[in-house]
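Colleague: Okay, so here is target.cif, and as you'll see once you scroll down, it has mmCIF, C-alpha atoms.
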data_input
loop_
_atom_site.label_atom_id
_atom_site.label_comp_id
_atom_site.auth_asym_id
_atom_site.auth_seq_id
_atom_site.Cartn_x
_atom_site.Cartn_y
_atom_site.Cartn_z
CA MET A 1 95.06 90.16 76.67
CA ARG A 2 97.12 93.26 75.96
CA ASP A 3 100.75 92.39 75.28
CA ILE A 4 102.76 94.22 77.94
CA HIS A 5 105.86 93.72 75.75
CA SER A 6 104.38 95.64 72.79
CA PRO A 7 106.29 98.83 71.84
CA ALA A 8 103.27 101.03 72.67
CA CYS A 9 102.92 99.46 76.10
CA LYS A 10 106.66 99.68 76.84
CA SER A 11 106.50 103.33 75.82
CA ARG A 12 103.64 104.03 78.24
CA GLN A 13 105.50 102.32 81.07
CA GLN A 14 108.61 104.34 80.29
CA ALA A 15 106.57 107.58 80.21
CA MET A 16 105.13 106.72 83.64
CA ARG A 17 108.61 105.94 85.00
CA ASP A 18 109.97 109.25 83.62
CA THR A 19 107.26 111.08 85.50
CA PHE A 20 108.04 109.42 88.81
CA ASP A 21 111.79 109.89 88.29
CA VAL A 22 111.21 113.63 87.92
CA ILE A 23 108.74 114.22 90.75
CA SER A 24 109.56 111.49 93.25
CA GLY A 25 110.83 112.20 96.73
CA LYS A 26 109.24 114.02 99.60
CA TRP A 27 109.79 117.62 98.47
CA LYS A 28 109.51 118.21 94.73
CA LEU A 29 105.74 118.50 94.46
CA GLN A 30 105.58 120.44 97.73
CA ILE A 31 108.09 122.95 96.34
CA ILE A 32 106.14 123.27 93.08
CA SER A 33 102.93 123.58 95.04
CA ALA A 34 104.36 126.38 97.26
CA LEU A 35 105.85 128.25 94.28
CA SER A 36 102.60 127.98 92.34
CA GLU A 37 101.25 130.60 94.76
CA ARG A 38 104.10 133.09 94.35
CA THR A 39 107.81 133.58 93.71
CA MET A 40 109.87 132.89 96.84
CA ARG A 41 113.42 133.44 98.04
CA PHE A 42 115.54 130.43 98.92
CA ASN A 43 115.52 131.05 102.68
CA GLU A 44 111.82 131.76 102.69
CA LEU A 45 111.10 128.47 100.92
CA SER A 46 113.37 126.59 103.32
CA ARG A 47 111.49 128.05 106.32
CA GLU A 48 108.00 127.62 104.87
CA LEU A 49 108.46 123.94 104.03
CA GLY A 50 110.72 123.10 106.97
CA VAL A 51 113.36 121.58 104.70
CA SER A 52 117.11 121.89 105.29
CA PRO A 53 119.08 124.19 102.93
CA ARG A 54 121.22 121.27 101.77
CA ILE A 55 118.26 119.16 100.68
CA LEU A 56 116.35 122.14 99.28
CA SER A 57 119.35 123.18 97.17
CA ARG A 58 119.62 119.70 95.64
CA GLU A 59 115.88 119.45 94.95
CA LEU A 60 115.75 122.91 93.36
CA LYS A 61 118.70 122.08 91.11
CA GLU A 62 116.93 118.97 89.83
CA LEU A 63 113.70 120.90 89.30
CA GLU A 64 115.62 123.58 87.37
CA ILE A 65 117.21 120.94 85.07
CA ASN A 66 113.70 119.67 84.35
CA LYS A 67 112.45 123.21 83.61
CA LEU A 68 110.06 123.12 86.54
CA VAL A 69 111.42 126.15 88.43
CA LYS A 70 113.15 129.34 87.28
CA ARG A 71 116.07 130.66 89.36
CA THR A 72 116.83 134.39 89.34
CA VAL A 73 119.75 136.07 91.11
CA ARG A 74 118.93 139.65 92.15
CA ASP A 75 121.77 142.15 92.43
CA THR A 76 120.79 143.34 95.91
CA ARG A 77 122.98 143.60 99.01
CA PRO A 78 123.22 140.88 100.08
CA VAL A 79 122.46 139.07 96.81
CA THR A 80 119.03 137.38 96.85
CA VAL A 81 118.10 134.25 94.92
CA GLU A 82 114.48 133.88 93.88
CA TYR A 83 112.60 130.88 92.59
CA ALA A 84 109.51 131.07 90.41
CA PRO A 85 107.22 128.48 88.83
CA THR A 86 107.48 127.92 85.06
CA PRO A 87 104.69 127.39 82.51
CA HIS A 88 105.89 123.75 82.34
CA SER A 89 105.36 123.29 86.11
CA ALA A 90 101.72 124.34 85.66
CA THR A 91 101.20 121.26 83.47
CA LEU A 92 101.65 119.12 86.60
CA ALA A 93 98.33 120.35 88.02
CA PRO A 94 96.20 117.38 86.83
CA LEU A 95 98.74 114.92 88.25
CA ILE A 96 98.90 116.78 91.59
CA GLU A 97 95.10 116.79 91.77
CA ALA A 98 94.91 113.06 90.97
CA ALA A 99 97.56 112.28 93.61
CA CYS A 100 95.73 114.32 96.29
CA ASP A 101 92.39 112.75 95.45
CA TRP A 102 93.79 109.25 95.61
CA GLY A 103 95.59 109.99 98.90
CA TYR A 104 92.24 110.85 100.51
CA LEU A 105 90.58 107.80 99.00
CA HIS A 106 93.39 105.49 100.15
CA TYR A 107 93.34 106.89 103.69
CA GLU A 108 89.63 106.16 103.93
CA LYS A 109 90.17 102.63 102.56
CA ILE A 110 92.97 101.79 105.01
CA ALA A 111 91.86 103.75 108.10
CA GLY A 112 88.13 103.12 107.57
CA THR A 113 87.44 106.80 108.26
CA ARG A 114 87.90 110.07 106.37
CA ARG A 115 91.10 112.05 106.83
CA PRO A 116 90.46 115.36 108.70
CA HIS A 117 89.95 118.18 106.16
CA ASP A 118 89.09 115.75 103.38
CA PRO A 119 87.26 117.94 100.82
CA ALA A 120 84.70 115.11 100.42
CA GLU A 121 83.94 115.42 104.15
CA ALA A 122 83.17 119.14 103.75
CA ILE A 123 80.79 118.35 100.86
CA SER A 124 78.96 115.65 102.83
CA ALA A 125 78.69 118.01 105.84
CA GLN A 126 77.12 120.65 103.58
CA ARG A 127 74.62 118.08 102.32
CA GLN A 128 73.60 117.19 105.86
CA ASP A 129 72.99 120.91 106.57
CA ARG A 130 70.22 121.10 103.99
CA MET B 1 98.12 134.26 98.98
CA ARG B 2 96.95 130.87 100.17
CA ASP B 3 98.41 129.98 103.57
CA ILE B 4 100.42 126.81 103.06
CA HIS B 5 100.34 126.26 106.82
CA SER B 6 96.52 126.12 106.98
CA PRO B 7 95.12 122.76 108.18
CA ALA B 8 93.35 122.16 104.84
CA CYS B 9 96.55 122.78 102.89
CA LYS B 10 98.65 120.61 105.23
CA SER B 11 96.03 117.88 104.82
CA ARG B 12 96.28 118.06 101.01
CA GLN B 13 100.06 117.88 101.17
CA GLN B 14 99.87 114.88 103.47
CA ALA B 15 97.36 113.18 101.14
CA MET B 16 99.75 113.73 98.23
CA ARG B 17 102.67 112.34 100.25
CA ASP B 18 100.63 109.26 101.26
CA THR B 19 100.01 108.55 97.61
CA PHE B 20 103.67 108.73 96.67
CA ASP B 21 104.67 106.66 99.70
CA VAL B 22 102.34 103.89 98.52
CA ILE B 23 103.14 103.87 94.81
CA SER B 24 106.72 105.15 94.63
CA GLY B 25 109.58 103.06 93.33
CA LYS B 26 110.19 101.58 89.93
CA TRP B 27 107.86 98.58 90.12
CA LYS B 28 104.58 99.16 91.97
CA LEU B 29 102.59 100.80 89.20
CA GLN B 30 104.07 98.43 86.64
CA ILE B 31 102.92 95.47 88.73
CA ILE B 32 99.43 96.95 89.12
CA SER B 33 99.34 97.74 85.43
CA ALA B 34 100.34 94.16 84.47
CA LEU B 35 97.83 92.61 86.90
CA SER B 36 95.04 94.89 85.66
CA GLU B 37 95.06 92.73 82.52
CA ARG B 38 94.80 89.38 84.27
CA THR B 39 95.70 87.34 87.35
CA MET B 40 99.31 86.14 87.23
CA ARG B 41 101.52 83.68 89.05
CA PHE B 42 104.55 84.94 90.94
CA ASN B 43 107.11 83.49 88.50
CA GLU B 44 105.16 84.68 85.52
CA LEU B 45 105.07 88.24 86.87
CA SER B 46 108.80 88.12 87.63
CA ARG B 47 109.56 87.04 84.04
CA GLU B 48 107.12 89.44 82.36
CA LEU B 49 108.45 92.52 84.14
CA GLY B 50 112.08 91.41 84.33
CA VAL B 51 112.23 91.97 88.09
CA SER B 52 114.16 89.74 90.50
CA PRO B 53 112.14 87.45 92.82
CA ARG B 54 113.60 89.18 95.88
CA ILE B 55 112.47 92.66 94.83
CA LEU B 56 109.14 91.41 93.46
CA SER B 57 108.36 89.64 96.72
CA ARG B 58 108.98 92.82 98.74
CA GLU B 59 106.95 94.99 96.36
CA LEU B 60 104.01 92.55 96.34
CA LYS B 61 104.00 92.40 100.13
CA GLU B 62 103.74 96.19 100.35
CA LEU B 63 101.00 96.25 97.72
CA GLU B 64 99.11 93.56 99.64
CA ILE B 65 99.30 95.58 102.90
CA ASN B 66 97.83 98.53 101.00
CA LYS B 67 95.02 96.34 99.58
CA LEU B 68 96.24 96.84 96.04
CA VAL B 69 96.82 93.16 95.19
CA LYS B 70 95.18 89.95 96.37
CA ARG B 71 97.39 86.90 96.98
CA THR B 72 95.92 83.41 96.62
CA VAL B 73 97.73 80.15 97.34
CA ARG B 74 96.44 77.27 95.19
CA ASP B 75 96.70 73.75 96.51
CA THR B 76 98.36 72.35 93.37
CA ARG B 77 101.56 70.28 93.14
CA PRO B 78 103.79 72.17 93.37
CA VAL B 79 101.83 74.87 95.20
CA THR B 80 101.17 77.96 93.03
CA VAL B 81 100.79 81.52 94.27
CA GLU B 82 98.58 83.83 92.25
CA TYR B 83 98.23 87.58 92.37
CA ALA B 84 95.13 89.45 91.29
CA PRO B 85 94.17 93.12 91.14
CA THR B 86 91.68 94.42 93.73
CA PRO B 87 88.77 96.86 93.30
CA HIS B 88 90.93 99.35 95.23
CA SER B 89 93.78 99.06 92.69
CA ALA B 90 91.34 100.04 89.93
CA THR B 91 90.91 103.44 91.64
CA LEU B 92 94.53 104.22 90.66
CA ALA B 93 93.55 104.41 86.96
CA PRO B 94 93.15 108.23 86.82
CA LEU B 95 96.53 108.72 88.52
CA ILE B 96 98.25 106.23 86.17
CA GLU B 97 96.70 108.00 83.18
CA ALA B 98 97.80 111.43 84.46
CA ALA B 99 101.35 110.14 85.11
CA CYS B 100 101.60 108.63 81.59
CA ASP B 101 100.26 111.78 79.95
CA TRP B 102 102.68 113.99 81.82
CA GLY B 103 105.62 111.68 81.01
CA TYR B 104 104.95 112.15 77.28
CA LEU B 105 104.54 115.89 77.69
CA HIS B 106 107.76 116.18 79.72
CA TYR B 107 109.77 114.13 77.23
CA GLU B 108 108.67 116.46 74.44
CA LYS B 109 109.57 119.52 76.55
CA ILE B 110 113.05 118.26 77.43
CA ALA B 111 113.98 116.36 74.25
CA GLY B 112 112.25 118.80 71.90
CA THR B 113 110.69 115.88 70.05
CA ARG B 114 107.88 113.39 70.68
CA ARG B 115 108.67 110.09 72.33
CA PRO B 116 108.21 107.15 69.91
CA HIS B 117 104.72 105.66 70.33
CA ASP B 118 103.38 108.83 71.94
CA PRO B 119 99.58 108.50 71.52
CA ALA B 120 99.53 112.21 70.54
CA GLU B 121 101.89 111.38 67.65
CA ALA B 122 99.49 108.72 66.38
CA ILE B 123 96.63 111.24 66.49
CA SER B 124 98.62 113.90 64.63
CA ALA B 125 99.70 111.30 62.03
CA GLN B 126 96.02 110.38 61.50
CA ARG B 127 95.21 114.07 60.99
CA GLN B 128 97.91 114.38 58.34
CA ASP B 129 96.42 111.37 56.51
CA ARG B 130 93.15 113.21 55.90
#
Once you've parsed the file, please lay out its structure as structure tokens.
Modeller:
Amino acid sequence: MRDIHSPACKSRQQAMRDTFDVISGKWKLQIISALSERTMRFNELSRELGVSPRILSRELKELEINKLVKRTVRDTRPVTVEYAPTPHSATLAPLIEAACDWGYLHYEKIAGTRRPHDPAEAISAQRQDR
Amino acid sequence: MRDIHSPACKSRQQAMRDTFDVISGKWKLQIISALSERTMRFNELSRELGVSPRILSRELKELEINKLVKRTVRDTRPVTVEYAPTPHSATLAPLIEAACDWGYLHYEKIAGTRRPHDPAEAISAQRQDR
């Protein structure tokens, strides 16, 4: 049996906890996902995701502290504030993929049927076409 | 630009949210990780992880609903309650791996130094030995 009190194991658990501390909550990965497409202004992001300015402001601040978004103030009239992804945010891609994949798998397990627009459903539909 | 309002994109975001709804919080993945080694009794699990019985009970109930742990009551004196991993919980392995990997990477980015017991550190130390 692996000793879950060993330093290496404790370190892995802490690394996993760090990750979920940084990305947990309803919005963080959605924000990163939206910004991965293009730079967006604050109001635009708020509208696109349907998140209140108060919540969005808090989430963006936390993402900025963790070097996952870059905030730029443009000297326009009125002033515009833009948010862009960072190279560090791109490193979340494997985790985002794994979370999406497992979400589809879990839905199928619990609901007993595939979620609409499950990529696996599209593949199996293609196979049936042949 | 990808349309983040498209049904396929909404579906992916929902899948990602489902995942975090199921596994979020400090304990769930730690419980699954501990049980992946072996079946454990309730009290044993509480001691090993250092989590209060009240919290552990709630977390295990949620994991059971999501088919991620199996609860068995043994007719011993006193009665013992055992928890085991399920085949479905094993499907979380890629996500757990991705979360651990990113935790190490993020620590290095923010702290500017590797976390103690980072597997990458062990590999680089081996390389220096050659």
Colleague: Could you tell me, as an NGL selection string, exactly which residues end up selected when the PyMOL selection byres ((chain B and resi 74-87) around 8) is applied to this structure?
Modeller: :B and (32 or 35-36 or 38-42 or 67-73 or 88-91)
Colleague: Nearest to A:Asp18: which of A:Ala120, A:Ala111, A:Asn66, A:Ser57 is it, counting all atoms listed in the file?
Modeller: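 Ranked by minimum distance to A:Asp18, first place goes to A:Asn66.
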Colleague: Could you name the residues that touch B:Ser11 at 9 Å or less, counting all atoms listed in the file, but leaving out those on the same chain fewer than 2 positions away, as a JSON list (two decimals) with C-alpha atoms, in the frame of the given file?
Modeller:
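Listed below is the output, part-v1.json:
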[["chain", "number", "residue", "atom", "x", "y", "z"],
["A", 115, "ARG", "CA", 91.10, 112.05, 106.83],
["A", 116, "PRO", "CA", 90.46, 115.36, 108.70],
["A", 117, "HIS", "CA", 89.95, 118.18, 106.16],
["A", 118, "ASP", "CA", 89.09, 115.75, 103.38],
["B", 6, "SER", "CA", 96.52, 126.12, 106.98],
["B", 7, "PRO", "CA", 95.12, 122.76, 108.18],
["B", 8, "ALA", "CA", 93.35, 122.16, 104.84],
["B", 9, "CYS", "CA", 96.55, 122.78, 102.89],
["B", 13, "GLN", "CA", 100.06, 117.88, 101.17],
["B", 14, "GLN", "CA", 99.87, 114.88, 103.47],
["B", 15, "ALA", "CA", 97.36, 113.18, 101.14],
["B", 16, "MET", "CA", 99.75, 113.73, 98.23]]
Colleague: All in-order C-alpha pairs, least squares, chain A moved onto chain B. Output the fitted coordinates as a PDB file with C-alpha atoms, in the coordinates of the input, please.
Modeller:
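Contents of the output file out.pdb:
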ATOM      1  CA  MET A   1      98.014 134.214  98.960  1.00  0.00           C
ATOM      2  CA  ARG A   2      96.886 130.802 100.159  1.00  0.00           C
ATOM      3  CA  ASP A   3      98.374 129.957 103.545  1.00  0.00           C
ATOM      4  CA  ILE A   4     100.396 126.780 103.015  1.00  0.00           C
ATOM      5  CA  HIS A   5     100.327 126.263 106.807  1.00  0.00           C
ATOM      6  CA  SER A   6      96.507 126.114 106.963  1.00  0.00           C
ATOM      7  CA  PRO A   7      95.087 122.759 108.169  1.00  0.00           C
ATOM      8  CA  ALA A   8      93.341 122.155 104.817  1.00  0.00           C
ATOM      9  CA  CYS A   9      96.550 122.772 102.900  1.00  0.00           C
ATOM     10  CA  LYS A  10      98.643 120.600 105.243  1.00  0.00           C
ATOM     11  CA  SER A  11      96.044 117.873 104.801  1.00  0.00           C
ATOM     12  CA  ARG A  12      96.297 118.048 101.002  1.00  0.00           C
ATOM     13  CA  GLN A  13     100.084 117.871 101.159  1.00  0.00           C
ATOM     14  CA  GLN A  14      99.880 114.877 103.473  1.00  0.00           C
ATOM     15  CA  ALA A  15      97.371 113.160 101.144  1.00  0.00           C
ATOM     16  CA  MET A  16      99.763 113.706  98.218  1.00  0.00           C
ATOM     17  CA  ARG A  17     102.693 112.341 100.248  1.00  0.00           C
ATOM     18  CA  ASP A  18     100.648 109.259 101.262  1.00  0.00           C
ATOM     19  CA  THR A  19     100.014 108.550  97.612  1.00  0.00           C
ATOM     20  CA  PHE A  20     103.669 108.729  96.649  1.00  0.00           C
ATOM     21  CA  ASP A  21     104.688 106.662  99.689  1.00  0.00           C
ATOM     22  CA  VAL A  22     102.356 103.897  98.516  1.00  0.00           C
ATOM     23  CA  ILE A  23     103.145 103.873  94.796  1.00  0.00           C
ATOM     24  CA  SER A  24     106.715 105.136  94.620  1.00  0.00           C
ATOM     25  CA  GLY A  25     109.576 103.047  93.323  1.00  0.00           C
ATOM     26  CA  LYS A  26     110.189 101.558  89.934  1.00  0.00           C
ATOM     27  CA  TRP A  27     107.841  98.558  90.109  1.00  0.00           C
ATOM     28  CA  LYS A  28     104.591  99.145  91.983  1.00  0.00           C
ATOM     29  CA  LEU A  29     102.598 100.785  89.206  1.00  0.00           C
ATOM     30  CA  GLN A  30     104.083  98.405  86.634  1.00  0.00           C
ATOM     31  CA  ILE A  31     102.918  95.443  88.732  1.00  0.00           C
ATOM     32  CA  ILE A  32      99.433  96.939  89.119  1.00  0.00           C
ATOM     33  CA  SER A  33      99.371  97.727  85.428  1.00  0.00           C
ATOM     34  CA  ALA A  34     100.339  94.126  84.473  1.00  0.00           C
ATOM     35  CA  LEU A  35      97.826  92.595  86.910  1.00  0.00           C
ATOM     36  CA  SER A  36      95.060  94.877  85.670  1.00  0.00           C
ATOM     37  CA  GLU A  37      95.051  92.715  82.529  1.00  0.00           C
ATOM     38  CA  ARG A  38      94.790  89.358  84.304  1.00  0.00           C
ATOM     39  CA  THR A  39      95.690  87.324  87.381  1.00  0.00           C
ATOM     40  CA  MET A  40      99.302  86.118  87.250  1.00  0.00           C
ATOM     41  CA  ARG A  41     101.502  83.644  89.089  1.00  0.00           C
ATOM     42  CA  PHE A  42     104.544  84.927  90.942  1.00  0.00           C
ATOM     43  CA  ASN A  43     107.097  83.464  88.520  1.00  0.00           C
ATOM     44  CA  GLU A  44     105.145  84.646  85.521  1.00  0.00           C
ATOM     45  CA  LEU A  45     105.065  88.202  86.872  1.00  0.00           C
ATOM     46  CA  SER A  46     108.785  88.079  87.641  1.00  0.00           C
ATOM     47  CA  ARG A  47     109.543  86.998  84.046  1.00  0.00           C
ATOM     48  CA  GLU A  48     107.121  89.406  82.371  1.00  0.00           C
ATOM     49  CA  LEU A  49     108.451  92.485  84.162  1.00  0.00           C
ATOM     50  CA  GLY A  50     112.078  91.358  84.335  1.00  0.00           C
ATOM     51  CA  VAL A  51     112.237  91.938  88.086  1.00  0.00           C
ATOM     52  CA  SER A  52     114.176  89.724  90.503  1.00  0.00           C
ATOM     53  CA  PRO A  53     112.138  87.444  92.825  1.00  0.00           C
ATOM     54  CA  ARG A  54     113.594  89.159  95.889  1.00  0.00           C
ATOM     55  CA  ILE A  55     112.485  92.630  94.830  1.00  0.00           C
ATOM     56  CA  LEU A  56     109.154  91.403  93.456  1.00  0.00           C
ATOM     57  CA  SER A  57     108.362  89.621  96.732  1.00  0.00           C
ATOM     58  CA  ARG A  58     108.988  92.800  98.740  1.00  0.00           C
ATOM     59  CA  GLU A  59     106.948  94.984  96.375  1.00  0.00           C
ATOM     60  CA  LEU A  60     104.020  92.546  96.344  1.00  0.00           C
ATOM     61  CA  LYS A  61     103.998  92.393 100.143  1.00  0.00           C
ATOM     62  CA  GLU A  62     103.745  96.179 100.357  1.00  0.00           C
ATOM     63  CA  LEU A  63     101.002  96.248  97.728  1.00  0.00           C
ATOM     64  CA  GLU A  64      99.087  93.564  99.657  1.00  0.00           C
ATOM     65  CA  ILE A  65      99.302  95.597 102.914  1.00  0.00           C
ATOM     66  CA  ASN A  66      97.830  98.534 101.002  1.00  0.00           C
ATOM     67  CA  LYS A  67      95.020  96.353  99.592  1.00  0.00           C
ATOM     68  CA  LEU A  68      96.246  96.836  96.046  1.00  0.00           C
ATOM     69  CA  VAL A  69      96.822  93.160  95.177  1.00  0.00           C
ATOM     70  CA  LYS A  70      95.172  89.942  96.365  1.00  0.00           C
ATOM     71  CA  ARG A  71      97.397  86.902  97.003  1.00  0.00           C
ATOM     72  CA  THR A  72      95.922  83.411  96.641  1.00  0.00           C
ATOM     73  CA  VAL A  73      97.738  80.147  97.372  1.00  0.00           C
ATOM     74  CA  ARG A  74      96.450  77.274  95.214  1.00  0.00           C
ATOM     75  CA  ASP A  75      96.704  73.739  96.567  1.00  0.00           C
ATOM     76  CA  THR A  76      98.350  72.330  93.438  1.00  0.00           C
ATOM     77  CA  ARG A  77     101.540  70.272  93.181  1.00  0.00           C
ATOM     78  CA  PRO A  78     103.765  72.168  93.418  1.00  0.00           C
ATOM     79  CA  VAL A  79     101.816  74.881  95.257  1.00  0.00           C
ATOM     80  CA  THR A  80     101.158  77.940  93.058  1.00  0.00           C
ATOM     81  CA  VAL A  81     100.787  81.503  94.305  1.00  0.00           C
ATOM     82  CA  GLU A  82      98.592  83.819  92.270  1.00  0.00           C
ATOM     83  CA  TYR A  83      98.230  87.568  92.379  1.00  0.00           C
ATOM     84  CA  ALA A  84      95.130  89.448  91.286  1.00  0.00           C
ATOM     85  CA  PRO A  85      94.171  93.124  91.152  1.00  0.00           C
ATOM     86  CA  THR A  86      91.687  94.424  93.747  1.00  0.00           C
ATOM     87  CA  PRO A  87      88.783  96.858  93.287  1.00  0.00           C
ATOM     88  CA  HIS A  88      90.927  99.378  95.229  1.00  0.00           C
ATOM     89  CA  SER A  89      93.782  99.064  92.689  1.00  0.00           C
ATOM     90  CA  ALA A  90      91.344 100.048  89.925  1.00  0.00           C
ATOM     91  CA  THR A  91      90.931 103.438  91.625  1.00  0.00           C
ATOM     92  CA  LEU A  92      94.536 104.224  90.641  1.00  0.00           C
ATOM     93  CA  ALA A  93      93.573 104.430  86.956  1.00  0.00           C
ATOM     94  CA  PRO A  94      93.163 108.249  86.806  1.00  0.00           C
ATOM     95  CA  LEU A  95      96.535 108.731  88.515  1.00  0.00           C
ATOM     96  CA  ILE A  96      98.251 106.247  86.164  1.00  0.00           C
ATOM     97  CA  GLU A  97      96.722 108.021  83.167  1.00  0.00           C
ATOM     98  CA  ALA A  98      97.822 111.445  84.452  1.00  0.00           C
ATOM     99  CA  ALA A  99     101.363 110.156  85.086  1.00  0.00           C
ATOM    100  CA  CYS A 100     101.621 108.645  81.572  1.00  0.00           C
ATOM    101  CA  ASP A 101     100.276 111.783  79.937  1.00  0.00           C
ATOM    102  CA  TRP A 102     102.690 114.006  81.798  1.00  0.00           C
ATOM    103  CA  GLY A 103     105.624 111.685  81.010  1.00  0.00           C
ATOM    104  CA  TYR A 104     104.970 112.167  77.282  1.00  0.00           C
ATOM    105  CA  LEU A 105     104.561 115.908  77.702  1.00  0.00           C
ATOM    106  CA  HIS A 106     107.773 116.203  79.738  1.00  0.00           C
ATOM    107  CA  TYR A 107     109.771 114.155  77.226  1.00  0.00           C
ATOM    108  CA  GLU A 108     108.682 116.492  74.450  1.00  0.00           C
ATOM    109  CA  LYS A 109     109.572 119.542  76.580  1.00  0.00           C
ATOM    110  CA  ILE A 110     113.062 118.279  77.456  1.00  0.00           C
ATOM    111  CA  ALA A 111     113.985 116.385  74.265  1.00  0.00           C
ATOM    112  CA  GLY A 112     112.254 118.843  71.909  1.00  0.00           C
ATOM    113  CA  THR A 113     110.709 115.912  70.033  1.00  0.00           C
ATOM    114  CA  ARG A 114     107.903 113.425  70.679  1.00  0.00           C
ATOM    115  CA  ARG A 115     108.701 110.107  72.330  1.00  0.00           C
ATOM    116  CA  PRO A 116     108.253 107.164  69.881  1.00  0.00           C
ATOM    117  CA  HIS A 117     104.744 105.686  70.293  1.00  0.00           C
ATOM    118  CA  ASP A 118     103.421 108.844  71.922  1.00  0.00           C
ATOM    119  CA  PRO A 119      99.623 108.535  71.504  1.00  0.00           C
ATOM    120  CA  ALA A 120      99.559 112.243  70.520  1.00  0.00           C
ATOM    121  CA  GLU A 121     101.914 111.404  67.633  1.00  0.00           C
ATOM    122  CA  ALA A 122      99.486 108.754  66.339  1.00  0.00           C
ATOM    123  CA  ILE A 123      96.627 111.294  66.460  1.00  0.00           C
ATOM    124  CA  SER A 124      98.622 113.942  64.580  1.00  0.00           C
ATOM    125  CA  ALA A 125      99.659 111.328  61.973  1.00  0.00           C
ATOM    126  CA  GLN A 126      95.986 110.441  61.458  1.00  0.00           C
ATOM    127  CA  ARG A 127      95.169 114.120  60.968  1.00  0.00           C
ATOM    128  CA  GLN A 128      97.843 114.461  58.303  1.00  0.00           C
ATOM    129  CA  ASP A 129      96.329 111.452  56.466  1.00  0.00           C
ATOM    130  CA  ARG A 130      93.065 113.280  55.856  1.00  0.00           C
TER     131      ARG A 130
END
Colleague: Measuring atom to atom with only C-alpha atoms, identify which of A:Glu44, A:Glu64, A:Glu97, A:Glu59 is nearest to chain B.
Modeller: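 That would be A:Glu97, the residue with the smallest distance to chain B.
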Colleague: Taking every listed atom of stretch 35-53 of chain B and adding 4 Å to each side, what centre and edge lengths in Å (one decimal) does the axis-aligned box have, as JSON?
Modeller:
{"center_x": 104.5, "center_y": 89.2, "center_z": 87.6, "size_x": 27.4, "size_y": 19.4, "size_z": 18.5}
Colleague: Give me, as a PDB file with C-alpha atoms, in the frame of the given file, all polymer residues having an atom no more than 12 Å from B:Leu92, counting all atoms listed in the file and skipping those fewer than 5 positions away in the same chain.
Modeller:
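Heads up, here's the output in result12.pdb:
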ATOM      1  CA  LEU A  95      98.740 114.920  88.250  1.00  0.00           C
ATOM      2  CA  ALA A  98      94.910 113.060  90.970  1.00  0.00           C
ATOM      3  CA  ALA A  99      97.560 112.280  93.610  1.00  0.00           C
ATOM      4  CA  CYS A 100      95.730 114.320  96.290  1.00  0.00           C
ATOM      5  CA  ASP A 101      92.390 112.750  95.450  1.00  0.00           C
ATOM      6  CA  TRP A 102      93.790 109.250  95.610  1.00  0.00           C
ATOM      7  CA  GLY A 103      95.590 109.990  98.900  1.00  0.00           C
ATOM      8  CA  LEU A 105      90.580 107.800  99.000  1.00  0.00           C
ATOM      9  CA  HIS A 106      93.390 105.490 100.150  1.00  0.00           C
TER      10      HIS A 106
ATOM     11  CA  THR B  19     100.010 108.550  97.610  1.00  0.00           C
ATOM     12  CA  PHE B  20     103.670 108.730  96.670  1.00  0.00           C
ATOM     13  CA  VAL B  22     102.340 103.890  98.520  1.00  0.00           C
ATOM     14  CA  ILE B  23     103.140 103.870  94.810  1.00  0.00           C
ATOM     15  CA  LYS B  28     104.580  99.160  91.970  1.00  0.00           C
ATOM     16  CA  LEU B  29     102.590 100.800  89.200  1.00  0.00           C
ATOM     17  CA  GLN B  30     104.070  98.430  86.640  1.00  0.00           C
ATOM     18  CA  ILE B  32      99.430  96.950  89.120  1.00  0.00           C
ATOM     19  CA  SER B  33      99.340  97.740  85.430  1.00  0.00           C
ATOM     20  CA  SER B  36      95.040  94.890  85.660  1.00  0.00           C
ATOM     21  CA  LYS B  67      95.020  96.340  99.580  1.00  0.00           C
ATOM     22  CA  LEU B  68      96.240  96.840  96.040  1.00  0.00           C
ATOM     23  CA  PRO B  85      94.170  93.120  91.140  1.00  0.00           C
ATOM     24  CA  THR B  86      91.680  94.420  93.730  1.00  0.00           C
ATOM     25  CA  PRO B  87      88.770  96.860  93.300  1.00  0.00           C
ATOM     26  CA  GLU B  97      96.700 108.000  83.180  1.00  0.00           C
ATOM     27  CA  ALA B  98      97.800 111.430  84.460  1.00  0.00           C
ATOM     28  CA  ALA B  99     101.350 110.140  85.110  1.00  0.00           C
TER      29      ALA B  99
END
Colleague: Measuring between only C-alpha atoms, which one of B:Pro94, B:Leu45, B:Glu62, B:Leu56 shows the shortest distance to chain A?
Modeller: B:Pro94
